[in-house]
Amino acid sequence: MSWWPFGRKKEEQPPWLNAYLTEAKKSIPGIRKIQQLSFVVLDTEATGFDPKKDELLSCGIIGIEEGKIKISSSKEWQFASEKSPGKSATIHGLIHPKNPIELKTFCQELLGNLRGSIIVGHHIGFDLDLLCKTFQPFGFNQFPNPKIDTMNLAVRLDFGPQVDWNRVRKEDYSLDALCEKFNIPKEDRHTAGGDAFLTAQLLLKLLKQAEKKGILTYQELFR
C-alpha cells in the first residue's frame, strides 16, 4: 500500500506546523542590512511541470547566513510516487529512490529549516505551489515567509522596479543563462540539491549587484 496520502481525510493542523507558521509570520525590520538576513534557497524536481497535476519527487535546500553559503546546511530529500515520472526524473534516477522519506517527516524537517528565513528559488512560485499541494493533508496552504525569485530579481536589477516585461527576453533569465552570465559552474544541474546550490550562488551575485545600486536593506530589497 502506498504511503502517498492524496485523497485521504485531512489531519488537523499539528503543533509543529503551528510553530512554523508562528515563526514564519514574524516581521523583519525594514532597516535590517541584507548581510544580516537569513535565506533558504529551495528547489524541487517533480513528475512534470504542472504543480496541480504532478507530484513531488525530490526537494533540495541550502542556507545563506551573513552573506555566505552554509554548505553544512545543504539537504536533499527524495520521494516515491505512483505517478509516471517525466523524462528529467528518468535521467536523474528519481523513479525508484533507495531511501524515500515519509511525507510527514519531510514536512516537519523542511518547515523546521524554513521558519524565520527568506525563501529563495528560481521560478519559486512553481516549487511553493507544488509543496503547498503536497502538504495539504496536514492542513497546510501557504508559506508566509518573504520570498525572492532570482529570475525576477535579475530582471529588476537590469530594468528597474517598474520593468515592462514585454521588453524582457525571458530566455536570457533562465537559470542556465544566468549561471553562464555570472560564470557559475553548472555542476549537478537538474537535481534539486544541485539547482539549489546554483541558485544560492546566483543570489549572492545578484545581491552584490543590488549593493552597487544602493539596495542595502530588507526594505529596499522588497520595495
# chains A, B, ... in the order shown; residues from 1 in each chain; ligands from 1
call {"tool": "residues_around", "arguments": {"residues": "range 67-70 of chain A", "least_positions_apart": "2", "cutoff": "10 Å", "atoms": "only C-alpha atoms", "output": "VMD selection string"}}
result
chain A and resid 34 to 41 62 to 65 72 to 74 197 200 to 201 203 to 204 207 to 208
call {"tool": "residues_around", "arguments": {"residues": "Ala154 in chain A", "least_positions_apart": "6", "cutoff": "9 Å", "atoms": "only C-alpha atoms", "output": "PyMOL selection string"}}
result
chain A and resi 173+178+203+206
call {"tool": "atom_distance", "arguments": {"atom1": "CA of Asp172 in chain A", "atom2": "CA of Leu202 in chain A"}}
result
14.0 Å
call {"tool": "closest_residue", "arguments": {"among": "A:Tyr218, A:Phe126, A:Phe135, A:Phe140", "to": "Phe106 in chain A", "atoms": "only C-alpha atoms"}}
result
A:Phe135
call {"tool": "residues_around", "arguments": {"residues": "Ser27 in chain A", "least_positions_apart": "6", "cutoff": "10 Å", "atoms": "only C-alpha atoms", "output": "ChimeraX atom specification"}}
result
/A:116,145-146
call {"tool": "write_last_selection", "arguments": {"atoms": "C-alpha atoms", "output": "tab-separated table (two decimals), in the first residue's frame"}}
result
chain	number	residue	atom	x	y	z
A	116	GLY	CA	12.10	32.73	10.01
A	145	ASN	CA	7.85	33.71	4.66
A	146	PRO	CA	9.14	36.57	2.50
call {"tool": "closest_residue", "arguments": {"among": "A:Asn99, A:Gln108, A:Gln219, A:Gln142", "to": "Ala80 in chain A", "atoms": "only C-alpha atoms"}}
result
A:Asn99
call {"tool": "atom_distance", "arguments": {"atom1": "CA of Leu221 in chain A", "atom2": "CA of Thr44 in chain A"}}
result
24.6 Å
call {"tool": "closest_residue", "arguments": {"among": "A:Ile119, A:Ile184, A:Leu111, A:Ile148", "to": "Phe222 in chain A", "atoms": "only C-alpha atoms"}}
result
A:Ile148
call {"tool": "select_by_dssp", "arguments": {"residues": "range 158-203 of chain A", "states": "helix (DSSP H, G or I)", "output": "list of chain:residue names"}}
result
A:Asp158, A:Phe159, A:Trp165, A:Asn166, A:Arg167, A:Lys170, A:Glu171, A:Asp172, A:Tyr173, A:Leu175, A:Asp176, A:Ala177, A:Leu178, A:Cys179, A:Glu180, A:Lys181, A:Ala192, A:Gly193, A:Gly194, A:Asp195, A:Ala196, A:Phe197, A:Leu198, A:Thr199, A:Ala200, A:Gln201, A:Leu202, A:Leu203
call {"tool": "write_last_selection", "arguments": {"atoms": "C-alpha atoms", "output": "PDB file, in the first residue's frame"}}
result
ATOM      1  CA  ASP A 158      18.666  45.125 -15.203  1.00  0.00           C
ATOM      2  CA  PHE A 159      15.458  47.028 -15.989  1.00  0.00           C
ATOM      3  CA  TRP A 165       8.000  42.589 -19.146  1.00  0.00           C
ATOM      4  CA  ASN A 166       7.263  42.932 -22.857  1.00  0.00           C
ATOM      5  CA  ARG A 167      10.839  44.189 -23.234  1.00  0.00           C
ATOM      6  CA  LYS A 170      12.874  35.571 -20.666  1.00  0.00           C
ATOM      7  CA  GLU A 171      15.309  33.044 -22.127  1.00  0.00           C
ATOM      8  CA  ASP A 172      18.106  35.394 -21.043  1.00  0.00           C
ATOM      9  CA  TYR A 173      16.979  34.935 -17.446  1.00  0.00           C
ATOM     10  CA  LEU A 175      18.946  29.572 -14.528  1.00  0.00           C
ATOM     11  CA  ASP A 176      21.313  28.254 -17.201  1.00  0.00           C
ATOM     12  CA  ALA A 177      21.639  31.646 -18.894  1.00  0.00           C
ATOM     13  CA  LEU A 178      22.265  33.496 -15.629  1.00  0.00           C
ATOM     14  CA  CYS A 179      24.821  30.925 -14.486  1.00  0.00           C
ATOM     15  CA  GLU A 180      26.689  31.472 -17.750  1.00  0.00           C
ATOM     16  CA  LYS A 181      26.430  35.246 -17.370  1.00  0.00           C
ATOM     17  CA  ALA A 192      17.079  19.534  -6.541  1.00  0.00           C
ATOM     18  CA  GLY A 193      20.163  19.848  -4.352  1.00  0.00           C
ATOM     19  CA  GLY A 194      22.394  20.877  -7.240  1.00  0.00           C
ATOM     20  CA  ASP A 195      19.996  23.523  -8.515  1.00  0.00           C
ATOM     21  CA  ALA A 196      19.508  24.914  -5.011  1.00  0.00           C
ATOM     22  CA  PHE A 197      23.294  25.356  -4.720  1.00  0.00           C
ATOM     23  CA  LEU A 198      23.493  27.036  -8.135  1.00  0.00           C
ATOM     24  CA  THR A 199      20.637  29.359  -7.220  1.00  0.00           C
ATOM     25  CA  ALA A 200      22.330  30.224  -3.920  1.00  0.00           C
ATOM     26  CA  GLN A 201      25.467  31.251  -5.813  1.00  0.00           C
ATOM     27  CA  LEU A 202      23.341  33.261  -8.237  1.00  0.00           C
ATOM     28  CA  LEU A 203      21.579  35.030  -5.362  1.00  0.00           C
TER      29      LEU A 203
END
call {"tool": "atom_distance", "arguments": {"atom1": "CA of Lys75 in chain A", "atom2": "CA of Leu114 in chain A"}}
result
12.1 Å
call {"tool": "residues_around", "arguments": {"residues": "Pro97 in chain A", "least_positions_apart": "4", "cutoff": "9 Å", "atoms": "only C-alpha atoms", "output": "list in words"}}
result
Leu57, Gln78, Phe79, Ala80 and Gly93 of chain A
call {"tool": "closest_residue", "arguments": {"among": "A:His123, A:Thr150, A:Lys33, A:Pro15", "to": "Lys205 in chain A", "atoms": "only C-alpha atoms"}}
result
A:Thr150
call {"tool": "decode", "arguments": {"residues": "range 36-48 of chain A", "atoms": "all heavy atoms", "output": "CSV table (one decimal), in the first residue's frame"}}
result
chain,number,residue,atom,x,y,z
A,36,GLN,N,22.7,40.8,7.0
A,36,GLN,CA,22.2,40.2,8.3
A,36,GLN,C,21.0,39.3,8.1
A,36,GLN,O,20.5,38.8,9.1
A,36,GLN,CB,21.8,41.4,9.3
A,36,GLN,CG,23.0,42.3,9.6
A,36,GLN,CD,22.6,43.5,10.5
A,36,GLN,OE1,21.6,44.1,10.2
A,36,GLN,NE2,23.3,43.7,11.5
A,37,LEU,N,20.5,39.2,6.9
A,37,LEU,CA,19.3,38.4,6.6
A,37,LEU,C,19.7,36.9,6.5
A,37,LEU,O,20.8,36.5,6.0
A,37,LEU,CB,18.6,38.9,5.4
A,37,LEU,CG,18.1,40.3,5.4
A,37,LEU,CD1,17.6,40.7,4.0
A,37,LEU,CD2,17.1,40.5,6.4
A,38,SER,N,18.7,36.1,6.8
A,38,SER,CA,18.8,34.6,6.6
A,38,SER,C,18.0,34.2,5.4
A,38,SER,O,16.8,34.6,5.3
A,38,SER,CB,18.3,33.9,7.9
A,38,SER,OG,19.1,34.2,9.0
A,39,PHE,N,18.6,33.4,4.5
A,39,PHE,CA,17.9,32.9,3.3
A,39,PHE,C,18.0,31.4,3.3
A,39,PHE,O,19.0,30.8,3.8
A,39,PHE,CB,18.6,33.4,2.1
A,39,PHE,CG,18.7,34.9,1.9
A,39,PHE,CD1,19.8,35.6,2.4
A,39,PHE,CD2,17.7,35.7,1.3
A,39,PHE,CE1,19.9,37.0,2.3
A,39,PHE,CE2,17.8,37.0,1.2
A,39,PHE,CZ,18.9,37.7,1.7
A,40,VAL,N,17.0,30.8,2.8
A,40,VAL,CA,17.0,29.4,2.5
A,40,VAL,C,16.6,29.2,1.0
A,40,VAL,O,15.5,29.6,0.6
A,40,VAL,CB,16.0,28.5,3.4
A,40,VAL,CG1,16.0,27.1,2.9
A,40,VAL,CG2,16.5,28.6,4.8
A,41,VAL,N,17.6,28.7,0.2
A,41,VAL,CA,17.4,28.5,-1.2
A,41,VAL,C,16.8,27.1,-1.4
A,41,VAL,O,17.3,26.2,-0.9
A,41,VAL,CB,18.7,28.7,-2.0
A,41,VAL,CG1,18.4,28.6,-3.5
A,41,VAL,CG2,19.3,30.0,-1.6
A,42,LEU,N,15.7,27.1,-2.2
A,42,LEU,CA,14.9,25.8,-2.3
A,42,LEU,C,14.7,25.5,-3.8
A,42,LEU,O,14.6,26.4,-4.7
A,42,LEU,CB,13.6,26.1,-1.7
A,42,LEU,CG,12.6,25.0,-1.6
A,42,LEU,CD1,11.7,25.2,-0.3
A,42,LEU,CD2,11.7,24.9,-2.8
A,43,ASP,N,14.8,24.2,-4.1
A,43,ASP,CA,14.4,23.7,-5.5
A,43,ASP,C,13.8,22.4,-5.3
A,43,ASP,O,14.0,21.6,-4.4
A,43,ASP,CB,15.7,23.6,-6.3
A,43,ASP,CG,15.4,23.3,-7.8
A,43,ASP,OD1,15.0,24.2,-8.5
A,43,ASP,OD2,15.4,22.1,-8.1
A,44,THR,N,12.9,22.1,-6.3
A,44,THR,CA,12.2,20.8,-6.3
A,44,THR,C,12.3,20.2,-7.7
A,44,THR,O,12.5,20.8,-8.7
A,44,THR,CB,10.7,20.9,-6.0
A,44,THR,OG1,10.1,21.8,-7.0
A,44,THR,CG2,10.5,21.5,-4.6
A,45,GLU,N,12.2,18.8,-7.8
A,45,GLU,CA,12.0,18.1,-9.0
A,45,GLU,C,10.7,17.4,-8.9
A,45,GLU,O,10.3,16.9,-7.8
A,45,GLU,CB,13.1,17.1,-9.2
A,45,GLU,CG,14.5,17.7,-9.4
A,45,GLU,CD,14.7,18.5,-10.7
A,45,GLU,OE1,14.0,18.2,-11.7
A,45,GLU,OE2,15.5,19.4,-10.7
A,46,ALA,N,9.9,17.3,-10.0
A,46,ALA,CA,8.6,16.8,-10.0
A,46,ALA,C,8.4,15.8,-11.2
A,46,ALA,O,9.2,15.7,-12.1
A,46,ALA,CB,7.5,17.9,-10.0
A,47,THR,N,7.2,15.2,-11.2
A,47,THR,CA,6.9,14.3,-12.3
A,47,THR,C,6.6,15.0,-13.6
A,47,THR,O,6.4,14.4,-14.7
A,47,THR,CB,5.7,13.4,-12.0
A,47,THR,OG1,4.6,14.2,-11.5
A,47,THR,CG2,6.1,12.4,-10.8
A,48,GLY,N,6.4,16.3,-13.5
A,48,GLY,CA,6.1,17.2,-14.7
A,48,GLY,C,6.2,18.6,-14.3
A,48,GLY,O,6.8,19.0,-13.3
